[in-house]
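Student: Pasting input-v4.txt below, which is compact mmCIF, C-alpha atoms.
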```
# COMPACT_ATOMS: atom_id res chain seq x y z
CA MET A 1 48.99 -20.86 112.99
CA LEU A 2 46.69 -20.11 110.11
CA LYS A 3 42.96 -19.48 110.31
CA VAL A 4 41.04 -20.34 107.15
CA ILE A 5 38.61 -17.64 106.01
CA GLN A 6 37.60 -19.38 102.76
CA GLY A 7 38.59 -22.91 101.83
CA GLY A 8 38.49 -22.15 98.11
CA ILE A 9 37.71 -24.77 95.50
CA GLU A 10 39.95 -27.47 96.99
CA THR A 11 42.78 -26.77 99.43
CA LEU A 12 44.55 -29.72 101.01
CA VAL A 13 47.51 -30.55 103.22
CA GLU A 14 49.86 -32.69 101.10
CA ASP A 15 53.42 -33.94 101.44
CA TRP A 16 55.66 -36.06 99.20
CA PRO A 17 56.03 -38.93 98.40
CA GLY A 18 52.78 -39.46 100.24
CA ARG A 19 51.58 -42.62 101.96
CA LEU A 20 53.63 -45.43 100.45
CA GLY A 21 53.44 -49.12 101.25
CA PHE A 22 49.71 -49.62 101.59
CA LEU A 23 48.59 -50.37 98.03
CA GLY A 24 47.92 -53.97 99.11
CA LYS A 25 45.34 -52.65 101.55
CA GLY A 26 43.71 -50.56 98.83
CA MET A 27 45.17 -47.27 100.03
CA ALA A 28 46.35 -44.82 97.42
CA PRO A 29 49.62 -42.95 98.02
CA SER A 30 47.97 -39.49 97.76
CA GLY A 31 50.74 -36.85 98.09
CA ALA A 32 51.28 -33.50 96.39
CA PHE A 33 49.90 -33.59 92.86
CA ASP A 34 52.82 -31.40 91.72
CA ASN A 35 55.72 -32.54 93.88
CA VAL A 36 58.14 -30.22 92.06
CA ALA A 37 56.25 -27.04 93.00
CA LEU A 38 55.90 -28.34 96.59
CA GLY A 39 59.61 -29.22 96.69
CA TYR A 40 60.64 -25.72 95.63
CA ALA A 41 58.18 -24.07 98.04
CA ASN A 42 59.73 -26.07 100.86
CA LEU A 43 63.30 -25.33 99.75
CA LEU A 44 62.54 -21.60 99.82
CA VAL A 45 61.40 -21.73 103.45
CA GLY A 46 64.14 -24.04 104.68
CA ASN A 47 62.07 -27.24 104.93
CA ALA A 48 62.97 -30.68 103.58
CA PRO A 49 61.49 -30.90 100.02
CA GLY A 50 58.86 -33.50 100.92
CA GLU A 51 57.48 -31.67 103.98
CA ALA A 52 53.76 -30.95 104.08
CA GLY A 53 52.50 -27.74 102.53
CA LEU A 54 49.15 -26.50 101.27
CA GLU A 55 47.98 -27.52 97.80
CA VAL A 56 45.57 -24.87 96.51
CA THR A 57 43.63 -26.23 93.53
CA ALA A 58 41.74 -23.82 91.26
CA GLY A 59 42.05 -20.93 93.72
CA PHE A 60 39.86 -18.74 95.98
CA PHE A 61 41.61 -19.81 99.19
CA GLU A 62 41.82 -17.11 101.86
CA ALA A 63 43.41 -17.30 105.31
CA GLU A 64 44.78 -15.18 108.12
CA PHE A 65 48.18 -15.80 109.69
CA GLY A 66 48.22 -15.99 113.48
CA VAL A 67 51.99 -15.67 113.80
CA ASP A 68 54.94 -13.99 112.10
CA THR A 69 56.54 -16.48 109.73
CA VAL A 70 58.01 -17.00 106.26
CA ILE A 71 56.15 -18.57 103.37
CA ALA A 72 56.74 -19.24 99.67
CA VAL A 73 54.12 -19.67 96.97
CA THR A 74 54.81 -21.67 93.80
CA GLY A 75 52.67 -23.06 90.99
CA THR A 76 50.20 -21.59 88.50
CA PRO A 77 51.35 -18.07 87.57
CA ASN A 78 48.74 -15.86 89.18
CA PRO A 79 50.21 -14.57 92.44
CA PRO A 80 48.03 -14.36 95.54
CA ALA A 81 47.73 -11.12 97.48
CA ILE A 82 48.68 -10.42 101.06
CA ASN A 83 46.58 -7.61 102.53
CA GLY A 84 45.58 -6.71 98.97
CA GLN A 85 49.13 -6.53 97.56
CA HIS A 86 50.27 -9.21 95.11
CA ILE A 87 53.33 -11.06 96.30
CA ALA A 88 56.21 -12.50 94.31
CA MET A 89 56.05 -16.23 93.63
CA TRP A 90 58.99 -18.67 93.71
CA GLU A 91 60.66 -16.71 96.54
CA SER A 92 60.40 -16.47 100.32
CA VAL A 93 58.02 -13.85 101.72
CA GLN A 94 57.71 -12.51 105.26
CA VAL A 95 54.21 -12.60 106.72
CA ARG A 96 53.10 -11.02 109.98
CA LYS A 97 50.44 -11.96 112.51
CA GLY A 98 47.12 -10.69 111.15
CA ASP A 99 48.18 -10.73 107.47
CA VAL A 100 45.55 -12.16 105.13
CA ILE A 101 46.55 -14.18 102.06
CA LYS A 102 43.98 -14.39 99.28
CA PHE A 103 44.03 -16.34 96.03
CA SER A 104 41.98 -15.49 92.98
CA HIS A 105 41.53 -17.72 89.91
CA ILE A 106 44.22 -19.84 88.23
CA GLY A 107 46.78 -18.34 85.87
CA PRO A 108 46.91 -18.68 82.07
CA CYS A 109 48.60 -22.07 82.52
CA GLY A 110 48.78 -24.49 85.44
CA PHE A 111 46.04 -25.45 87.89
CA ARG A 112 47.58 -25.62 91.38
CA TRP A 113 49.58 -23.48 93.81
CA TYR A 114 51.67 -24.70 96.71
CA ILE A 115 52.28 -22.77 99.91
CA GLY A 116 55.43 -23.74 101.75
CA ILE A 117 55.50 -22.57 105.37
CA ALA A 118 58.66 -22.39 107.48
CA GLY A 119 58.42 -25.36 109.86
CA SER A 120 55.72 -27.04 107.73
CA ILE A 121 52.13 -27.81 108.73
CA ASP A 122 51.70 -29.52 112.07
CA VAL A 123 49.11 -32.22 111.46
CA PRO A 124 49.52 -35.75 112.83
CA PRO A 125 51.09 -38.12 110.28
CA TYR A 126 48.78 -41.02 109.44
CA LEU A 127 50.54 -44.20 108.32
CA GLY A 128 53.73 -42.25 107.78
CA SER A 129 52.36 -39.29 105.81
CA LYS A 130 50.64 -35.96 106.37
CA SER A 131 48.92 -36.17 102.97
CA THR A 132 45.17 -35.92 102.63
CA CYS A 133 43.31 -38.65 100.77
CA ILE A 134 40.02 -36.91 100.12
CA PHE A 135 38.38 -39.97 98.60
CA GLY A 136 39.24 -42.03 101.67
CA ASN A 137 38.68 -39.20 104.16
CA TYR A 138 41.95 -39.76 106.00
CA GLY A 139 45.25 -37.98 106.53
CA GLY A 140 46.05 -34.28 106.32
CA PHE A 141 43.69 -31.97 108.21
CA GLU A 142 40.83 -34.16 109.45
CA GLY A 143 40.92 -36.14 106.20
CA ARG A 144 39.25 -33.42 104.17
CA LYS A 145 39.70 -30.22 102.23
CA LEU A 146 40.02 -27.05 104.28
CA GLN A 147 36.97 -24.96 105.12
CA ALA A 148 36.20 -21.64 106.79
CA GLY A 149 37.04 -21.66 110.49
CA ASP A 150 39.75 -24.35 110.34
CA VAL A 151 42.89 -23.54 112.29
CA LEU A 152 46.17 -25.10 111.20
CA LYS A 153 49.26 -25.16 113.39
CA PHE A 154 52.80 -24.81 112.09
CA GLY A 155 55.92 -26.76 113.07
CA THR A 156 59.20 -25.28 114.22
CA PRO A 157 61.18 -23.53 111.46
CA CYS A 158 64.72 -24.64 110.75
CA CYS A 159 66.09 -21.16 111.38
CA LYS A 160 65.18 -17.56 112.14
CA SER A 161 62.93 -15.68 109.71
CA LYS A 162 65.69 -13.21 108.82
CA ASP A 163 67.83 -16.10 107.59
CA LEU A 164 65.05 -17.32 105.28
CA LEU A 165 64.21 -14.00 103.69
CA GLY A 166 65.69 -13.22 100.29
CA ARG A 167 65.67 -16.87 99.22
CA LYS A 168 64.65 -16.84 95.58
CA LEU A 169 64.66 -19.50 92.90
CA LYS A 170 66.89 -18.97 89.87
CA LYS A 171 64.75 -18.05 86.90
CA GLU A 172 66.12 -20.90 84.80
CA VAL A 173 65.05 -23.57 87.29
CA ILE A 174 61.41 -22.44 87.57
CA PRO A 175 59.41 -25.21 85.83
CA GLU A 176 57.96 -24.34 82.46
CA TYR A 177 54.17 -24.44 82.40
CA SER A 178 52.11 -25.02 79.29
CA ARG A 179 48.65 -25.86 78.06
CA GLU A 180 50.00 -28.99 76.39
CA TRP A 181 51.94 -31.27 78.71
CA THR A 182 54.31 -33.92 77.36
CA LEU A 183 54.51 -36.92 79.66
CA ARG A 184 57.18 -39.56 79.21
CA ALA A 185 55.64 -43.01 79.48
CA ILE A 186 56.69 -46.66 79.27
CA PRO A 187 54.34 -48.83 77.18
CA GLY A 188 52.56 -51.70 78.90
CA PRO A 189 51.81 -53.91 80.69
CA ASN A 190 48.76 -54.37 78.42
CA THR A 191 49.88 -53.36 74.98
CA CYS A 192 50.17 -54.66 71.40
CA PRO A 193 49.58 -57.19 69.99
CA ASP A 194 47.45 -58.88 72.69
CA TYR A 195 45.41 -55.94 73.98
CA ALA A 196 46.00 -52.99 71.66
CA THR A 197 46.76 -52.78 67.96
CA GLU A 198 50.04 -51.37 66.69
CA GLU A 199 48.00 -48.62 65.06
CA GLY A 200 46.31 -47.97 68.43
CA MET A 201 49.61 -47.61 70.31
CA GLU A 202 50.89 -45.34 67.55
CA TYR A 203 47.78 -43.18 68.07
CA LEU A 204 48.36 -43.16 71.84
CA PHE A 205 51.91 -41.88 71.46
CA THR A 206 51.20 -39.26 68.78
CA HIS A 207 47.79 -37.79 69.59
CA SER A 208 47.28 -34.80 71.87
CA PHE A 209 44.49 -35.68 74.34
CA LYS A 210 42.25 -33.05 75.87
CA VAL A 211 41.92 -33.29 79.67
CA GLN A 212 38.26 -33.86 80.52
CA HIS A 213 36.36 -31.71 83.03
CA THR A 214 35.79 -34.79 85.22
CA SER A 215 39.51 -35.04 86.07
CA ASN A 216 40.44 -34.85 89.75
CA ARG A 217 42.98 -36.13 92.27
CA SER A 218 41.87 -39.69 91.65
CA ALA A 219 41.97 -39.83 87.88
CA TYR A 220 42.78 -37.59 84.93
CA ARG A 221 40.32 -38.55 82.25
CA LEU A 222 41.34 -37.91 78.65
CA GLU A 223 39.40 -37.74 75.41
CA ALA A 224 38.30 -41.09 73.97
CA LEU A 225 40.40 -43.51 71.92
CA PRO A 226 39.08 -44.80 68.58
CA ASP A 227 37.72 -48.38 68.46
CA SER A 228 40.72 -49.31 66.28
CA PHE A 229 42.89 -49.01 69.42
CA PHE A 230 41.78 -52.43 70.66
CA SER A 231 43.01 -55.80 69.39
CA ARG A 232 39.85 -57.68 70.34
CA LEU A 233 37.14 -57.02 67.80
CA ASP A 234 34.17 -58.42 69.73
CA GLY A 235 32.67 -57.06 72.93
CA GLY A 236 30.89 -53.76 72.83
CA VAL A 237 29.96 -51.56 75.74
CA GLY A 238 29.92 -52.43 79.45
CA GLY A 239 31.67 -55.46 80.94
CA SER A 240 32.39 -57.15 77.62
CA HIS A 241 34.18 -54.11 76.15
CA PRO A 242 37.72 -55.07 75.05
CA SER A 243 39.25 -52.79 77.71
CA ASN A 244 38.06 -55.30 80.35
CA ILE A 245 40.57 -57.89 81.45
CA ILE A 246 41.08 -60.04 84.57
CA ASP A 247 41.60 -57.92 87.70
CA HIS A 248 45.18 -56.88 88.32
CA GLY A 249 47.14 -54.42 90.47
CA TYR A 250 47.63 -51.00 88.90
CA ALA A 251 51.06 -49.38 88.68
CA MET A 252 50.23 -46.49 91.01
CA ARG A 253 50.99 -43.62 90.45
CA GLY A 254 50.97 -43.00 86.69
CA ALA A 255 49.20 -46.02 85.17
CA LEU A 256 47.26 -45.20 82.02
CA ASN A 257 44.11 -47.18 82.55
CA ILE A 258 41.80 -47.72 79.59
CA CYS A 259 38.20 -47.68 80.78
CA GLY A 260 35.95 -48.38 77.81
CA ASN A 261 37.39 -46.06 75.19
CA THR A 262 38.49 -43.48 77.77
CA PRO A 263 42.16 -43.29 78.74
CA VAL A 264 42.39 -42.51 82.44
CA LEU A 265 45.60 -41.52 84.18
CA LEU A 266 45.54 -42.96 87.70
CA ILE A 267 47.32 -40.59 90.02
CA ALA A 268 47.47 -39.39 93.65
CA ASP A 269 44.23 -40.76 95.13
CA GLY A 270 43.49 -43.29 92.37
CA PRO A 271 42.44 -46.93 92.70
CA THR A 272 45.05 -49.60 93.39
CA LEU A 273 43.60 -52.45 91.33
CA GLY A 274 40.82 -53.27 88.95
CA GLY A 275 39.88 -55.01 85.74
CA TYR A 276 40.79 -52.53 83.02
CA MET A 277 43.83 -52.79 80.80
CA CYS A 278 46.75 -50.43 81.43
CA ALA A 279 48.43 -49.46 78.16
CA SER A 280 51.34 -47.47 79.59
CA SER A 281 52.79 -45.95 82.74
CA VAL A 282 53.81 -42.31 83.06
CA ILE A 283 57.23 -42.02 84.65
CA ASN A 284 57.44 -40.79 88.22
CA ALA A 285 59.53 -37.74 87.26
CA ASP A 286 56.73 -36.42 85.02
CA LEU A 287 53.77 -36.92 87.37
CA TRP A 288 53.99 -33.29 88.52
CA LYS A 289 52.87 -32.13 85.07
CA VAL A 290 49.57 -34.00 85.45
CA GLY A 291 48.90 -31.97 88.59
CA GLN A 292 49.26 -28.72 86.65
CA GLY A 293 46.96 -29.84 83.81
CA ALA A 294 43.73 -27.86 83.91
CA PRO A 295 40.55 -29.88 83.30
CA ALA A 296 38.50 -28.82 80.26
CA ARG A 297 41.41 -26.67 79.01
CA ASP A 298 44.77 -28.44 78.71
CA PHE A 299 46.10 -31.26 76.54
CA ILE A 300 48.34 -34.23 77.31
CA LYS A 301 50.75 -35.93 74.91
CA PHE A 302 52.66 -39.13 75.63
CA GLN A 303 56.28 -39.61 74.66
CA MET A 304 57.76 -43.12 74.69
CA CYS A 305 60.52 -43.61 77.21
CA SER A 306 62.79 -46.45 78.33
CA GLN A 307 63.01 -47.80 81.87
CA ASP A 308 66.62 -46.59 82.15
CA GLU A 309 65.58 -43.09 81.12
CA ALA A 310 62.75 -43.16 83.67
CA THR A 311 65.12 -44.21 86.46
CA GLN A 312 67.63 -41.50 85.55
CA ALA A 313 64.89 -38.84 85.36
CA ARG A 314 63.73 -39.83 88.85
CA ILE A 315 67.28 -39.61 90.23
CA ASP A 316 67.75 -36.22 88.52
CA GLN A 317 64.52 -34.90 90.05
CA THR A 318 65.69 -35.62 93.59
CA LYS A 319 68.67 -33.32 92.91
CA LEU A 320 66.51 -30.30 92.04
CA PHE A 321 65.79 -29.08 95.55
CA VAL A 322 69.22 -27.88 96.62
CA GLU A 323 70.70 -24.54 97.67
CA ALA A 324 72.34 -24.25 94.24
CA ALA A 325 68.84 -23.71 92.76
CA LEU A 326 68.61 -20.40 94.63
CA VAL A 327 69.87 -17.01 93.48
CA MET B 1 21.78 17.52 96.65
CA ILE B 2 20.34 14.68 94.60
CA GLU B 3 22.42 11.52 94.34
CA ARG B 4 22.11 9.83 90.97
CA ASN B 5 23.11 6.22 90.46
CA THR B 6 24.79 5.31 87.20
CA VAL B 7 23.60 2.04 85.73
CA MET B 8 26.40 -0.26 84.65
CA GLU B 9 26.58 -3.63 83.01
CA LYS B 10 28.58 -6.29 84.84
CA SER B 11 29.32 -9.87 83.89
CA VAL B 12 29.47 -12.83 86.23
CA ASP B 13 32.37 -14.85 84.87
CA ALA B 14 33.34 -18.51 85.14
CA CYS B 15 35.68 -18.87 88.13
CA VAL B 16 37.11 -22.25 87.09
CA PRO B 17 37.41 -24.15 83.81
CA GLY B 18 34.76 -26.83 83.37
CA LEU B 19 31.30 -27.47 81.98
CA CYS B 20 28.23 -25.40 82.71
CA ALA B 21 25.99 -27.58 84.90
CA ARG B 22 23.18 -25.03 84.94
CA VAL B 23 22.35 -21.34 85.12
CA VAL B 24 19.89 -20.81 87.95
CA VAL B 25 18.64 -17.32 87.04
CA ASN B 26 16.59 -16.04 84.14
CA GLU B 27 16.57 -12.73 82.28
CA GLY B 28 14.71 -10.13 84.31
CA ASP B 29 15.44 -11.81 87.68
CA LYS B 30 16.65 -9.66 90.57
CA VAL B 31 19.79 -11.03 92.16
CA ALA B 32 21.48 -10.08 95.40
CA LYS B 33 25.19 -9.91 96.10
CA GLY B 34 26.39 -13.39 97.08
CA GLN B 35 23.47 -15.15 95.39
CA GLU B 36 24.21 -18.21 93.26
CA VAL B 37 23.64 -17.53 89.58
CA ALA B 38 25.20 -20.61 87.97
CA VAL B 39 26.88 -23.93 88.72
CA ILE B 40 30.05 -25.24 87.05
CA ASN B 41 31.07 -28.89 86.88
CA CYS B 42 34.79 -29.38 87.42
CA MET B 43 36.72 -32.27 89.01
CA LYS B 44 33.40 -34.15 89.46
CA THR B 45 32.36 -31.39 91.83
CA GLU B 46 29.61 -28.81 91.45
CA ILE B 47 31.09 -25.35 91.99
CA SER B 48 28.72 -22.53 92.78
CA LEU B 49 29.18 -19.23 90.98
CA THR B 50 27.85 -16.25 92.90
CA SER B 51 27.18 -12.64 91.99
CA GLU B 52 29.45 -9.92 93.36
CA TRP B 53 26.66 -7.36 92.99
CA ASP B 54 22.98 -6.66 93.53
CA GLY B 55 21.42 -6.32 90.10
CA ILE B 56 18.99 -7.44 87.43
CA VAL B 57 19.82 -10.21 84.96
CA THR B 58 19.90 -8.78 81.43
CA LYS B 59 21.35 -11.75 79.58
CA VAL B 60 22.10 -15.43 80.18
CA LEU B 61 25.12 -16.37 78.07
CA SER B 62 25.71 -20.01 79.07
CA LYS B 63 23.69 -23.18 78.87
CA GLU B 64 24.10 -26.73 80.15
CA TRP B 65 27.17 -28.59 78.74
CA ASP B 66 28.92 -25.43 77.50
CA GLU B 67 32.66 -25.69 77.99
CA LEU B 68 33.97 -22.78 80.04
CA GLU B 69 37.32 -21.10 80.40
CA VAL B 70 38.18 -19.02 83.44
CA GLY B 71 36.85 -15.50 82.93
CA MET B 72 34.21 -16.43 80.37
CA PRO B 73 31.03 -14.36 81.03
CA MET B 74 28.07 -16.55 81.99
CA VAL B 75 25.45 -14.00 83.10
CA MET B 76 25.13 -10.24 82.45
CA LEU B 77 23.70 -7.97 85.11
CA LYS B 78 22.42 -4.41 85.19
CA VAL B 79 23.95 -2.90 88.32
CA SER B 80 23.59 0.54 89.75
CA ASP B 81 26.84 2.03 91.09
CA GLY B 82 25.07 2.96 94.29
CA ASP B 83 24.73 -0.75 95.02
```
Step by step, read the file and then write its structure as structure tokens.
Tutor:
Amino acid sequence: MLKVIQGGIETLVEDWPGRLGFLGKGMAPSGAFDNVALGYANLLVGNAPGEAGLEVTAGFFEAEFGVDTVIAVTGTPNPPAINGQHIAMWESVQVRKGDVIKFSHIGPCGFRWYIGIAGSIDVPPYLGSKSTCIFGNYGGFEGRKLQAGDVLKFGTPCCKSKDLLGRKLKKEVIPEYSREWTLRAIPGPNTCPDYATEEGMEYLFTHSFKVQHTSNRSAYRLEALPDSFFSRLDGGVGGSHPSNIIDHGYAMRGALNICGNTPVLLIADGPTLGGYMCASSVINADLWKVGQGAPARDFIKFQMCSQDEATQARIDQTKLFVEAALV
Amino acid sequence: MIERNTVMEKSVDACVPGLCARVVVNEGDKVAKGQEVAVINCMKTEISLTSEWDGIVTKVLSKEWDELEVGMPMVMLKVSDGD
């Protein structure tokens, strides 16, 4: 078990692919914001890649282990400390009963860490997932972010601790982090000529958009588009703005919603439908990069991609979390 | 033997990237360790920034709407090393 000393900015129990199949009831899939970092953390401790781990956003999480176990920390490159000593990331680490893990601030790139724990986190699955939806207050640990005094139980590890130690990711497979993230995206469903101009779509796929400070697990808000993006010339602000269309279901996760002039990436806990146009959809295999984008610091660029390429990238991603990725 | 405290200058730095919501202390104010000195807006959440030291505010470096990077000094304090 793990006793939380400080919850930090936002620490959640998340798994992957999250809570699928309930969009029609208005329930977002949630799930790890960076499923690649979670997948590797789980691989390192002998769990299935989609098992639940802890997603530590923006840092300052602190907790004491109540048992001897093996963990692995992945994500933004600023290693946490155990009993005051920094630990190696992207490899398995032995922890003992009474050890205290402490995170400081985020690294020079990236925004989230993942803690994989041998045997995973033992919280009751809700509608097939252990993921927390903080905006709906369900799933994970009591449907909320962790706070001081919380006690989390662990599941049963796949094997003995000694068999998990020494597991380390090959350097070349550690994901590359950046302050400018290129996301492959498929244009549409609301694109040129009916909703956006050709010039507008060209802007969308060439400009580097700053991530706004208001970005969170529901939506990543990007800097505004120019008025020339929109095909419709009339309208203005509010409900008549040309970004407003008849309500439709959003392609969760990854839809690029245009809300007024603001492009908004709908991700983990985002809305499932609404009345704003969606100019493109980020491919599933690149969603992890959104989770590592730091609000008020990083930039996002979109790169046009075909459906075939998106499908292949998704297949390729499922093959990442294998023993061959380890040293 | 007389113990003499050395006075040092310390900065209270932004702990997350975001926008400065407000600085809640003024120059000349006494602050205690653990006291909130500023608030940062990030992820549509207000994040409290607290002082690690007892001290006196010598300079306020941030104002509302300033964009902040992690580690950017927001408030300067005069701290005695005996604190």
Student: First collect every listed atom of segment 30-41 of chain A; then fit an axis-aligned box around them, widen it by 4 Å on each side, and give centre and edge lengths in Å to one decimal, as lines of an AutoDock Vina configuration file.
Tutor:
```
center_x = 54.3
center_y = -31.8
center_z = 94.9
size_x = 20.7
size_y = 23.4
size_z = 14.4
```
Student: For chain B, report every residue with an atom at most 8 Å from chain A (counting only C-alpha atoms), formatted as a short mmCIF file (atom, residue, chain, number, x, y, z; two decimals) with C-alpha atoms, in the frame of the given file.
Tutor:
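This went into out_30.cif:
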```
data_model
loop_
_atom_site.label_atom_id
_atom_site.label_comp_id
_atom_site.auth_asym_id
_atom_site.auth_seq_id
_atom_site.Cartn_x
_atom_site.Cartn_y
_atom_site.Cartn_z
CA CYS B 15 35.68 -18.87 88.13
CA VAL B 16 37.11 -22.25 87.09
CA PRO B 17 37.41 -24.15 83.81
CA GLY B 18 34.76 -26.83 83.37
CA LEU B 19 31.30 -27.47 81.98
CA ASN B 41 31.07 -28.89 86.88
CA CYS B 42 34.79 -29.38 87.42
CA MET B 43 36.72 -32.27 89.01
CA LYS B 44 33.40 -34.15 89.46
CA ILE B 47 31.09 -25.35 91.99
CA GLU B 67 32.66 -25.69 77.99
CA LEU B 68 33.97 -22.78 80.04
CA GLU B 69 37.32 -21.10 80.40
CA VAL B 70 38.18 -19.02 83.44
#
```
Student: Would you work out the distance separating atom CA of Gly55 of chain B from atom CA of Cys20 of chain B, expressed in Å to one decimal?
Tutor: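 Distance between the two atoms: 21.6 Å.
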Student: Using all atoms listed in the file, list the residues that have an atom at most 10 Å from (41.1, -26.1, 104.2), coordinates as in the file, as an MDAnalysis selection string.
Tutor: chainID A and resid 3:13 54:56 61:63 140:142 144:152
Student: Any idea what's packed within 9 Å of Val57 of chain B, counting only C-alpha atoms, ignoring anything in its chain fewer than 2 positions away? Could you give it as a ChimeraX atom specification?
Tutor: /B:25-31,55,59-60,75-78
Student: Mind pulling up the distance from atom CA of Ser280 of chain A to atom CA of Thr191 of chain A?
Tutor: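 Interatomic distance here is 7.6 Å.
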Student: Please report the interatomic distance between atom CA of Ile71 of chain A and atom CA of Leu20 of chain A in Å with one decimal.
Tutor: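 Rounded to one decimal, the two atoms are 27.1 Å apart.
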Student: Pick the closest to Thr50 of chain B from B:Val79, B:Asp66, B:Lys33, B:Ser11: which is it, counting all atoms listed in the file?
Tutor: B:Lys33
Student: From (46.5, -43.3, 97.2), in the file's coordinates, out to 12 Å: which residues are reached, counting all atoms listed in the file? Answer as number ranges by chain.
Tutor: A: 14, 16-33, 127, 129, 131-139, 217-219, 250-254, 266-273
Student: Using only C-alpha atoms, pick whichever of A:Gly84, A:Pro226, A:Gly260, A:Pro189 has the shortest atom-to-atom distance to Gly239 of chain A.
Tutor: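 For Gly239 of chain A, the nearest of the given residues is A:Gly260.
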Student: Just the residues within 12 Å of Tyr177 of chain A, please, counting only C-alpha atoms, with nothing from its chain fewer than 3 positions along; format it as a ChimeraX atom specification.
Tutor: /A:34,36-37,74-77,107-112,173-174,180-182,288-294,298
Student: Could you check which of B:Glu52, B:Glu9, B:Glu46, B:Glu36 is closest to Ser80 of chain B, using only C-alpha atoms?
Tutor: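 Answer, going by the shortest atom-to-atom distance: B:Glu9.
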Student: Can you tell me, as a count of residues only, what residues are no more than 6 Å from Phe299 of chain A when counting only C-alpha atoms, ignoring any on the same chain fewer than 6 positions away?
Tutor: 5
Student: Please complete segment 233-250 of chain A with N, CA and C atoms and give it back as a PDB file, keeping the file's coordinate frame.
Tutor:
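out.pdb, written as the output of this step:
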```pdb
ATOM      1  N   LEU A 233      38.151 -57.666  68.644  1.00  0.00           N
ATOM      2  CA  LEU A 233      37.140 -57.020  67.800  1.00  0.00           C
ATOM      3  C   LEU A 233      35.733 -57.171  68.368  1.00  0.00           C
ATOM      4  N   ASP A 234      35.516 -58.231  69.198  1.00  0.00           N
ATOM      5  CA  ASP A 234      34.170 -58.420  69.730  1.00  0.00           C
ATOM      6  C   ASP A 234      34.027 -57.639  71.038  1.00  0.00           C
ATOM      7  N   GLY A 235      32.899 -57.762  71.663  1.00  0.00           N
ATOM      8  CA  GLY A 235      32.670 -57.060  72.930  1.00  0.00           C
ATOM      9  C   GLY A 235      31.570 -56.044  72.780  1.00  0.00           C
ATOM     10  N   GLY A 236      31.914 -54.808  72.891  1.00  0.00           N
ATOM     11  CA  GLY A 236      30.890 -53.760  72.830  1.00  0.00           C
ATOM     12  C   GLY A 236      31.020 -52.902  74.060  1.00  0.00           C
ATOM     13  N   VAL A 237      29.901 -52.425  74.568  1.00  0.00           N
ATOM     14  CA  VAL A 237      29.960 -51.560  75.740  1.00  0.00           C
ATOM     15  C   VAL A 237      29.847 -52.390  77.023  1.00  0.00           C
ATOM     16  N   GLY A 238      30.085 -51.771  78.157  1.00  0.00           N
ATOM     17  CA  GLY A 238      29.920 -52.430  79.450  1.00  0.00           C
ATOM     18  C   GLY A 238      31.018 -53.460  79.693  1.00  0.00           C
ATOM     19  N   GLY A 239      30.688 -54.486  80.455  1.00  0.00           N
ATOM     20  CA  GLY A 239      31.670 -55.460  80.940  1.00  0.00           C
ATOM     21  C   GLY A 239      32.349 -56.283  79.869  1.00  0.00           C
ATOM     22  N   SER A 240      31.760 -56.355  78.679  1.00  0.00           N
ATOM     23  CA  SER A 240      32.390 -57.150  77.620  1.00  0.00           C
ATOM     24  C   SER A 240      33.273 -56.296  76.706  1.00  0.00           C
ATOM     25  N   HIS A 241      33.338 -55.005  76.956  1.00  0.00           N
ATOM     26  CA  HIS A 241      34.180 -54.110  76.150  1.00  0.00           C
ATOM     27  C   HIS A 241      35.629 -54.605  76.191  1.00  0.00           C
ATOM     28  N   PRO A 242      36.353 -54.518  75.080  1.00  0.00           N
ATOM     29  CA  PRO A 242      37.720 -55.070  75.050  1.00  0.00           C
ATOM     30  C   PRO A 242      38.712 -54.441  76.035  1.00  0.00           C
ATOM     31  N   SER A 243      38.354 -53.345  76.690  1.00  0.00           N
ATOM     32  CA  SER A 243      39.250 -52.790  77.710  1.00  0.00           C
ATOM     33  C   SER A 243      39.211 -53.602  79.005  1.00  0.00           C
ATOM     34  N   ASN A 244      38.199 -54.489  79.127  1.00  0.00           N
ATOM     35  CA  ASN A 244      38.060 -55.300  80.350  1.00  0.00           C
ATOM     36  C   ASN A 244      38.960 -56.526  80.288  1.00  0.00           C
ATOM     37  N   ILE A 245      39.737 -56.693  81.341  1.00  0.00           N
ATOM     38  CA  ILE A 245      40.570 -57.890  81.450  1.00  0.00           C
ATOM     39  C   ILE A 245      40.402 -58.444  82.867  1.00  0.00           C
ATOM     40  N   ILE A 246      41.157 -59.492  83.207  1.00  0.00           N
ATOM     41  CA  ILE A 246      41.080 -60.040  84.570  1.00  0.00           C
ATOM     42  C   ILE A 246      41.695 -59.025  85.533  1.00  0.00           C
ATOM     43  N   ASP A 247      41.114 -58.897  86.715  1.00  0.00           N
ATOM     44  CA  ASP A 247      41.600 -57.920  87.700  1.00  0.00           C
ATOM     45  C   ASP A 247      43.106 -58.048  87.937  1.00  0.00           C
ATOM     46  N   HIS A 248      43.740 -56.891  88.043  1.00  0.00           N
ATOM     47  CA  HIS A 248      45.180 -56.880  88.320  1.00  0.00           C
ATOM     48  C   HIS A 248      45.526 -55.610  89.094  1.00  0.00           C
ATOM     49  N   GLY A 249      46.697 -55.604  89.728  1.00  0.00           N
ATOM     50  CA  GLY A 249      47.140 -54.420  90.470  1.00  0.00           C
ATOM     51  C   GLY A 249      47.593 -53.358  89.487  1.00  0.00           C
ATOM     52  N   TYR A 250      47.232 -52.105  89.774  1.00  0.00           N
ATOM     53  CA  TYR A 250      47.630 -51.000  88.900  1.00  0.00           C
ATOM     54  C   TYR A 250      48.972 -50.430  89.346  1.00  0.00           C
TER      55      TYR A 250
END
```
